[in-house]
Amino acid sequence: MSNALGESEIEVPIETFPIHKEKDASSLASKLPPHRIVLILIGLALVASAALFMRWDWLPQYGGLILQGLWRTIWILVVTVVLGFLLAVPLGLAQASGPAFLAIPARAFCTVIRGTPLLVQLWLLYYGLGSLFPQYPWIRGSELWPYLRQAWPYAVLALTLSYAGYEGEVMRGAFAGVPKGQLESARAFGMPRFTIFRRIWLPQAIHRALPTLAGEAVLQLKSTPLVATITVVDLYSVASRVRQDTFLTYEPLLLLAVGYLVITGIIVMLFRRVERLIPSKLG
Amino acid sequence: MADASIIPAGITGMFDLLSPVAPGWGANLLRGLVRSLQIAFGAFGMGLIIGTFGSYAKLYGGPIARDLAAIYTTLVRAIPELVMIILLYYAGTDLINRILEGMGYQRVDISGLVAGIVVLGFVQGAYATEVLRGAIKAIPQGEIEAARAYGMSPVLMMRRITLPAMLPHALPGLANLWLISTKDTALLAVVGFSELTLETRQAAGTTKAYMTFYLAAGALYLFITLFSSVILEWVEKRARRGMPSVKEAR
């Protein structure tokens, strides 16, 4: 903190006109004008009335289940984002600079994934593939069978493929957007191809894709409740169960919405922190 | 639909299931497709209307309108569509009926089609707000200032200057929104509205031919996507005529 302040003190005389006017000490006053205070008070009043006049007595009874659902949602989100990204890198690379026999299938995969609803993909895998597997005795006898009978592998597979499809398109743009001179100079240094990829191409592509990656991660979070339709017990399906058990319409849904808002906020904050780690020059 | 007689014998069974006449389920799928398209069109149109007002509120509105628009777009874009749909579909209809009863009117039965359009339109509106806001900001602001200097009323200015000038900037984002809208209709299957996905699920559940029907539904959705992207590309090219191409500008 003190280091940053010291630097800005040195930089101030060089600046011909103030660029970072907003970051002055008076920002708190400019962020909280009277009307916003009133809006915040209205919001607090709404929250208070929701807490007081709505029924929350079911909370302790379902607390454990809610936490379990929350954990399942976050687990599915993290696993599918990581696996999907690992799949998206080759997909993007194949489309950006691969030979035709790799580029065309990669392109077709991204088009099909992006052109059909995730719900249909999920049900195709769970009901479609799931109904085909038991017909083959060797699959029933294999060690994977206990997993294939459960719902979550299909959920993870469908969400991973979906994320890879959307992210593959982003990575294609990111790989293609890295300046050619960077790669040429790396080659001039005599770097092997994989080292070029590892040290030059991939980091710069990820840097370019990072803002989009944050958005896609939020979109992925927003797709996770779909897994409830194939009997995976995530946060959403816990809320549906509470609704069925207690006949309450609003309370579980409101809690659910708040839960997703909080997770979205955390994702956005994490990505902002990662983005800040990478030095960048604002023109 | 393909004529079953010219298909080789091995896969005729599959096409029998998909045929549009009585024993086949093709007619159900097509009916679902039409409903999906109705909802997608309605929701997209409603999203455009909300988006126009929302973007104007964000750019030219007073401090309160600006903050309310920001809250709307932030909330809707952070809460999953499925949760929004359930929230608005059940809670919304319940709320409307309670208000009507409180005012002394009778309960109304809101049709699935209208509810679906309103719910998805509300979600689309948040995204459309952001797209249109960016597009209005991309217009050379001198054009708007000139219109204002001529003394045009805000409505006339919007009709003659802002909307036509922002269209080429907004089209890529709007094209994306249309594709999202067609795919989001599938979520209405969860609340029991019989559009393409739910019709598919019923057909598949009855005949046990899960793979066939889900692949067919996927193909239909893919066809809509590809067909609309061809049209949208043409519209975009037409709207951008006379402007430097994106590639050259880079």
# chains A, B, ... in the order shown; residues from 1 in each chain; ligands from 1
$ residues_around --residues "Ile196 of chain A" --least-positions-apart "4" --cutoff "8 Å" --atoms "only C-alpha atoms" --output "ChimeraX atom specification"
/A:183,186-187,191-192,200-201
$ interface_residues --of "chain B" --to "chain A" --cutoff "6 Å" --atoms "only C-alpha atoms" --output "PDB file with N, CA and C atoms, in the first residue's frame"
ATOM      1  N   ALA B  78     -26.683 -12.251 -12.542  1.00  0.00           N
ATOM      2  CA  ALA B  78     -25.941 -13.062 -11.579  1.00  0.00           C
ATOM      3  C   ALA B  78     -26.739 -14.276 -11.121  1.00  0.00           C
ATOM      4  N   ILE B  79     -28.074 -14.224 -11.234  1.00  0.00           N
ATOM      5  CA  ILE B  79     -28.897 -15.340 -10.773  1.00  0.00           C
ATOM      6  C   ILE B  79     -29.137 -16.278 -11.956  1.00  0.00           C
ATOM      7  N   PRO B  80     -29.001 -17.582 -11.744  1.00  0.00           N
ATOM      8  CA  PRO B  80     -29.187 -18.519 -12.858  1.00  0.00           C
ATOM      9  C   PRO B  80     -30.558 -18.363 -13.510  1.00  0.00           C
ATOM     10  N   LYS B 183     -32.144 -20.946 -27.174  1.00  0.00           N
ATOM     11  CA  LYS B 183     -31.699 -22.057 -26.341  1.00  0.00           C
ATOM     12  C   LYS B 183     -32.311 -22.005 -24.948  1.00  0.00           C
ATOM     13  N   TYR B 210     -34.550 -43.085 -26.315  1.00  0.00           N
ATOM     14  CA  TYR B 210     -34.014 -41.816 -25.822  1.00  0.00           C
ATOM     15  C   TYR B 210     -33.051 -41.191 -26.817  1.00  0.00           C
ATOM     16  N   MET B 211     -32.102 -42.012 -27.285  1.00  0.00           N
ATOM     17  CA  MET B 211     -31.035 -41.494 -28.150  1.00  0.00           C
ATOM     18  C   MET B 211     -31.630 -40.829 -29.390  1.00  0.00           C
ATOM     19  N   TYR B 214     -33.534 -37.415 -28.520  1.00  0.00           N
ATOM     20  CA  TYR B 214     -32.686 -36.306 -28.094  1.00  0.00           C
ATOM     21  C   TYR B 214     -31.785 -35.865 -29.228  1.00  0.00           C
ATOM     22  N   GLY B 218     -31.761 -32.167 -30.718  1.00  0.00           N
ATOM     23  CA  GLY B 218     -30.509 -31.434 -30.875  1.00  0.00           C
ATOM     24  C   GLY B 218     -30.337 -30.948 -32.300  1.00  0.00           C
ATOM     25  N   TYR B 221     -32.596 -27.918 -32.880  1.00  0.00           N
ATOM     26  CA  TYR B 221     -32.031 -26.706 -32.286  1.00  0.00           C
ATOM     27  C   TYR B 221     -30.843 -26.216 -33.107  1.00  0.00           C
ATOM     28  N   LEU B 222     -29.991 -27.166 -33.506  1.00  0.00           N
ATOM     29  CA  LEU B 222     -28.802 -26.791 -34.273  1.00  0.00           C
ATOM     30  C   LEU B 222     -29.207 -26.155 -35.593  1.00  0.00           C
ATOM     31  N   THR B 225     -30.227 -22.625 -34.970  1.00  0.00           N
ATOM     32  CA  THR B 225     -29.048 -21.791 -34.733  1.00  0.00           C
ATOM     33  C   THR B 225     -28.338 -21.466 -36.040  1.00  0.00           C
TER      34      THR B 225
END
$ residues_around --residues "segment 188-202 of chain B" --least-positions-apart "2" --cutoff "8 Å" --atoms "only C-alpha atoms" --output "VMD selection string"
(chain A and resid 120 229) or (chain B and resid 28 to 36 85 to 86 89 112 to 113 116 184 to 186 204 to 206 210 213 to 214 217)
$ residues_around --residues "segment 158-161 of chain B" --least-positions-apart "4" --cutoff "9 Å" --atoms "only C-alpha atoms" --output "list in words"
Glu143, Ile144, Ala147, Ser153, Pro154, Ala165 and Met166 of chain B
$ write_last_selection --atoms "C-alpha atoms" --output "CSV table (one decimal), in the first residue's frame"
chain,number,residue,atom,x,y,z
B,143,GLU,CA,-24.5,13.0,-34.2
B,144,ILE,CA,-26.6,13.0,-31.0
B,147,ALA,CA,-29.8,16.2,-33.3
B,153,SER,CA,-37.7,15.8,-29.2
B,154,PRO,CA,-36.1,12.8,-27.4
B,165,ALA,CA,-27.1,4.7,-35.9
B,166,MET,CA,-26.6,2.2,-33.1
$ residues_around --residues "segment 61-71 of chain B" --least-positions-apart "3" --cutoff "12 Å" --atoms "only C-alpha atoms" --output "PyMOL selection string"
(chain A and resi 30-40+43) or (chain B and resi 50-58+74-78+125-130+133)
$ write_last_selection --atoms "N, CA and C atoms" --output "compact mmCIF listing (two decimals), in the first residue's frame"
# COMPACT_ATOMS: atom_id res chain seq x y z
N SER A 30 -18.63 10.58 -3.23
CA SER A 30 -19.25 10.53 -4.56
C SER A 30 -19.99 9.22 -4.77
N LYS A 31 -19.59 8.16 -4.02
CA LYS A 31 -20.28 6.88 -4.18
C LYS A 31 -21.55 6.82 -3.35
N LEU A 32 -21.67 7.67 -2.34
CA LEU A 32 -22.84 7.61 -1.47
C LEU A 32 -23.60 8.93 -1.45
N PRO A 33 -24.16 9.33 -2.58
CA PRO A 33 -25.02 10.51 -2.57
C PRO A 33 -26.33 10.17 -1.85
N PRO A 34 -27.10 11.20 -1.47
CA PRO A 34 -28.32 10.95 -0.65
C PRO A 34 -29.25 9.90 -1.24
N HIS A 35 -29.47 9.93 -2.58
CA HIS A 35 -30.47 9.01 -3.13
C HIS A 35 -30.01 7.56 -2.97
N ARG A 36 -28.68 7.36 -3.01
CA ARG A 36 -28.20 5.98 -2.88
C ARG A 36 -28.35 5.49 -1.45
N ILE A 37 -28.17 6.42 -0.50
CA ILE A 37 -28.39 6.04 0.91
C ILE A 37 -29.83 5.62 1.10
N VAL A 38 -30.75 6.37 0.47
CA VAL A 38 -32.18 6.02 0.59
C VAL A 38 -32.43 4.65 -0.03
N LEU A 39 -31.83 4.38 -1.20
CA LEU A 39 -32.02 3.08 -1.85
C LEU A 39 -31.49 1.97 -0.97
N ILE A 40 -30.32 2.20 -0.34
CA ILE A 40 -29.74 1.18 0.54
C ILE A 40 -30.67 0.93 1.72
N GLY A 43 -33.50 -1.12 0.61
CA GLY A 43 -33.04 -2.50 0.47
C GLY A 43 -32.94 -3.19 1.81
N ILE B 50 -37.48 -3.82 -23.23
CA ILE B 50 -36.92 -3.54 -21.90
C ILE B 50 -35.51 -2.98 -22.06
N GLY B 51 -34.74 -3.58 -22.99
CA GLY B 51 -33.36 -3.15 -23.17
C GLY B 51 -33.27 -1.71 -23.63
N THR B 52 -34.18 -1.29 -24.52
CA THR B 52 -34.15 0.10 -24.98
C THR B 52 -34.38 1.05 -23.81
N PHE B 53 -35.44 0.75 -23.02
CA PHE B 53 -35.70 1.61 -21.86
C PHE B 53 -34.54 1.54 -20.87
N GLY B 54 -34.06 0.32 -20.63
CA GLY B 54 -32.98 0.15 -19.65
C GLY B 54 -31.73 0.91 -20.05
N SER B 55 -31.37 0.83 -21.35
CA SER B 55 -30.15 1.51 -21.77
C SER B 55 -30.33 3.02 -21.70
N TYR B 56 -31.54 3.49 -22.03
CA TYR B 56 -31.78 4.94 -21.91
C TYR B 56 -31.70 5.36 -20.45
N ALA B 57 -32.26 4.50 -19.55
CA ALA B 57 -32.20 4.84 -18.13
C ALA B 57 -30.75 4.88 -17.67
N LYS B 58 -29.94 3.93 -18.15
CA LYS B 58 -28.55 3.88 -17.70
C LYS B 58 -27.75 5.06 -18.23
N THR B 74 -27.57 -6.22 -12.81
CA THR B 74 -26.64 -7.02 -12.01
C THR B 74 -27.33 -8.26 -11.46
N LEU B 75 -28.53 -8.05 -10.89
CA LEU B 75 -29.22 -9.18 -10.27
C LEU B 75 -29.56 -10.25 -11.31
N VAL B 76 -30.15 -9.82 -12.42
CA VAL B 76 -30.62 -10.80 -13.40
C VAL B 76 -29.45 -11.55 -14.02
N ARG B 77 -28.32 -10.84 -14.20
CA ARG B 77 -27.21 -11.54 -14.83
C ARG B 77 -26.43 -12.40 -13.86
N ALA B 78 -26.68 -12.25 -12.54
CA ALA B 78 -25.94 -13.06 -11.58
C ALA B 78 -26.74 -14.28 -11.12
N GLY B 125 -34.04 -8.90 -21.19
CA GLY B 125 -33.98 -7.45 -21.08
C GLY B 125 -32.70 -6.97 -20.42
N ALA B 126 -32.23 -7.72 -19.41
CA ALA B 126 -31.02 -7.30 -18.71
C ALA B 126 -29.81 -7.34 -19.66
N TYR B 127 -29.72 -8.43 -20.43
CA TYR B 127 -28.59 -8.54 -21.37
C TYR B 127 -28.73 -7.51 -22.48
N ALA B 128 -29.98 -7.31 -22.96
CA ALA B 128 -30.19 -6.35 -24.05
C ALA B 128 -29.83 -4.94 -23.60
N THR B 129 -30.11 -4.64 -22.31
CA THR B 129 -29.75 -3.32 -21.79
C THR B 129 -28.27 -3.06 -21.98
N GLU B 130 -27.46 -4.05 -21.59
CA GLU B 130 -26.01 -3.86 -21.70
C GLU B 130 -25.58 -3.74 -23.16
N ARG B 133 -26.71 -0.36 -24.52
CA ARG B 133 -25.97 0.73 -23.90
C ARG B 133 -24.61 0.88 -24.58
$ select_by_dssp --residues "segment 11-245 of chain B" --states "helix (DSSP H, G or I)" --output "PyMOL selection string"
chain B and resi 11-18+26-60+63-78+81-102+112-138+141-149+154-191+196-207+210-239
$ closest_atom_pairs --of "segment 103-204 of chain B" --to "segment 234-242 of chain B" --cutoff "10 Å" --atoms "only C-alpha atoms" --output "JSON lines"
{"residue": "B:Pro164", "atom": "CA", "partner": "B:Ala239", "partner_atom": "CA", "distance": 9.0}
{"residue": "B:Ala165", "atom": "CA", "partner": "B:Ala239", "partner_atom": "CA", "distance": 9.5}
{"residue": "B:Met166", "atom": "CA", "partner": "B:Ala239", "partner_atom": "CA", "distance": 10.0}
{"residue": "B:Leu167", "atom": "CA", "partner": "B:Ala239", "partner_atom": "CA", "distance": 7.1}
{"residue": "B:Pro168", "atom": "CA", "partner": "B:Ala239", "partner_atom": "CA", "distance": 5.4}
{"residue": "B:His169", "atom": "CA", "partner": "B:Arg240", "partner_atom": "CA", "distance": 8.6}
{"residue": "B:Ala170", "atom": "CA", "partner": "B:Glu236", "partner_atom": "CA", "distance": 9.5}
{"residue": "B:Leu171", "atom": "CA", "partner": "B:Glu236", "partner_atom": "CA", "distance": 6.3}
{"residue": "B:Pro172", "atom": "CA", "partner": "B:Glu236", "partner_atom": "CA", "distance": 7.5}
{"residue": "B:Ala175", "atom": "CA", "partner": "B:Glu236", "partner_atom": "CA", "distance": 9.0}
$ write_last_selection --atoms "C-alpha atoms" --output "CSV table (one decimal), in the first residue's frame"
chain,number,residue,atom,x,y,z
B,164,PRO,CA,-30.6,3.6,-36.8
B,165,ALA,CA,-27.1,4.7,-35.9
B,166,MET,CA,-26.6,2.2,-33.1
B,167,LEU,CA,-28.0,-0.7,-35.1
B,168,PRO,CA,-24.8,-1.8,-36.8
B,169,HIS,CA,-23.0,-1.7,-33.4
B,170,ALA,CA,-25.7,-3.6,-31.6
B,171,LEU,CA,-26.3,-6.3,-34.1
B,172,PRO,CA,-23.5,-8.7,-33.1
B,175,ALA,CA,-27.5,-11.8,-32.7
$ residues_around --residues "segment 101-110 of chain A" --least-positions-apart "4" --cutoff "8 Å" --atoms "only C-alpha atoms" --output "VMD selection string"
chain A and resid 91 to 92 94 to 97 114 164 to 166 168 to 169
$ atom_distance --atom1 "atom CA of Ile39 of chain B" --atom2 "atom CA of Asn176 of chain B"
16.4 Å
$ decode --residues "segment 87-111 of chain B" --atoms "N, CA and C atoms" --output "compact mmCIF listing (two decimals), in the first residue's frame"
# COMPACT_ATOMS: atom_id res chain seq x y z
N LEU B 87 -38.62 -18.67 -10.08
CA LEU B 87 -39.03 -17.56 -9.21
C LEU B 87 -40.16 -16.78 -9.84
N LEU B 88 -39.99 -16.40 -11.11
CA LEU B 88 -41.00 -15.57 -11.75
C LEU B 88 -42.23 -16.38 -12.14
N TYR B 89 -42.02 -17.64 -12.52
CA TYR B 89 -43.11 -18.47 -13.03
C TYR B 89 -44.08 -18.83 -11.91
N TYR B 90 -43.54 -19.34 -10.78
CA TYR B 90 -44.42 -19.71 -9.68
C TYR B 90 -44.75 -18.52 -8.80
N ALA B 91 -43.67 -17.88 -8.29
CA ALA B 91 -43.89 -16.78 -7.37
C ALA B 91 -44.60 -15.63 -8.07
N GLY B 92 -44.23 -15.37 -9.32
CA GLY B 92 -44.83 -14.26 -10.06
C GLY B 92 -46.32 -14.45 -10.25
N THR B 93 -46.72 -15.64 -10.74
CA THR B 93 -48.16 -15.86 -10.95
C THR B 93 -48.90 -15.85 -9.61
N ASP B 94 -48.26 -16.40 -8.56
CA ASP B 94 -48.86 -16.41 -7.23
C ASP B 94 -49.07 -14.98 -6.75
N LEU B 95 -48.05 -14.13 -6.96
CA LEU B 95 -48.10 -12.74 -6.51
C LEU B 95 -49.22 -12.00 -7.24
N ILE B 96 -49.29 -12.18 -8.57
CA ILE B 96 -50.31 -11.49 -9.35
C ILE B 96 -51.70 -11.88 -8.86
N ASN B 97 -51.88 -13.19 -8.62
CA ASN B 97 -53.19 -13.65 -8.17
C ASN B 97 -53.53 -13.12 -6.79
N ARG B 98 -52.50 -13.05 -5.91
CA ARG B 98 -52.77 -12.51 -4.57
C ARG B 98 -53.17 -11.05 -4.66
N ILE B 99 -52.46 -10.29 -5.52
CA ILE B 99 -52.78 -8.87 -5.67
C ILE B 99 -54.20 -8.73 -6.22
N LEU B 100 -54.52 -9.56 -7.24
CA LEU B 100 -55.86 -9.48 -7.83
C LEU B 100 -56.92 -9.81 -6.80
N GLU B 101 -56.66 -10.86 -5.99
CA GLU B 101 -57.63 -11.23 -4.96
C GLU B 101 -57.77 -10.12 -3.92
N GLY B 102 -56.63 -9.52 -3.57
CA GLY B 102 -56.65 -8.44 -2.60
C GLY B 102 -57.46 -7.26 -3.09
N MET B 103 -57.43 -7.04 -4.42
CA MET B 103 -58.18 -5.93 -4.98
C MET B 103 -59.62 -6.32 -5.28
N GLY B 104 -59.98 -7.55 -4.98
CA GLY B 104 -61.36 -7.96 -5.16
C GLY B 104 -61.69 -8.56 -6.51
N TYR B 105 -60.65 -8.86 -7.31
CA TYR B 105 -60.92 -9.50 -8.60
C TYR B 105 -60.78 -11.01 -8.45
N GLN B 106 -61.14 -11.73 -9.52
CA GLN B 106 -60.99 -13.18 -9.48
C GLN B 106 -59.58 -13.58 -9.89
N ARG B 107 -59.21 -14.78 -9.48
CA ARG B 107 -57.89 -15.28 -9.89
C ARG B 107 -57.87 -15.47 -11.40
N VAL B 108 -56.71 -15.21 -12.01
CA VAL B 108 -56.61 -15.46 -13.45
C VAL B 108 -55.66 -16.64 -13.65
N ASP B 109 -55.90 -17.37 -14.71
CA ASP B 109 -55.01 -18.47 -15.06
C ASP B 109 -54.08 -17.95 -16.16
N ILE B 110 -52.82 -17.75 -15.81
CA ILE B 110 -51.90 -17.19 -16.79
C ILE B 110 -51.40 -18.32 -17.69
N SER B 111 -51.56 -18.14 -19.00
CA SER B 111 -51.19 -19.23 -19.91
C SER B 111 -49.68 -19.41 -19.92
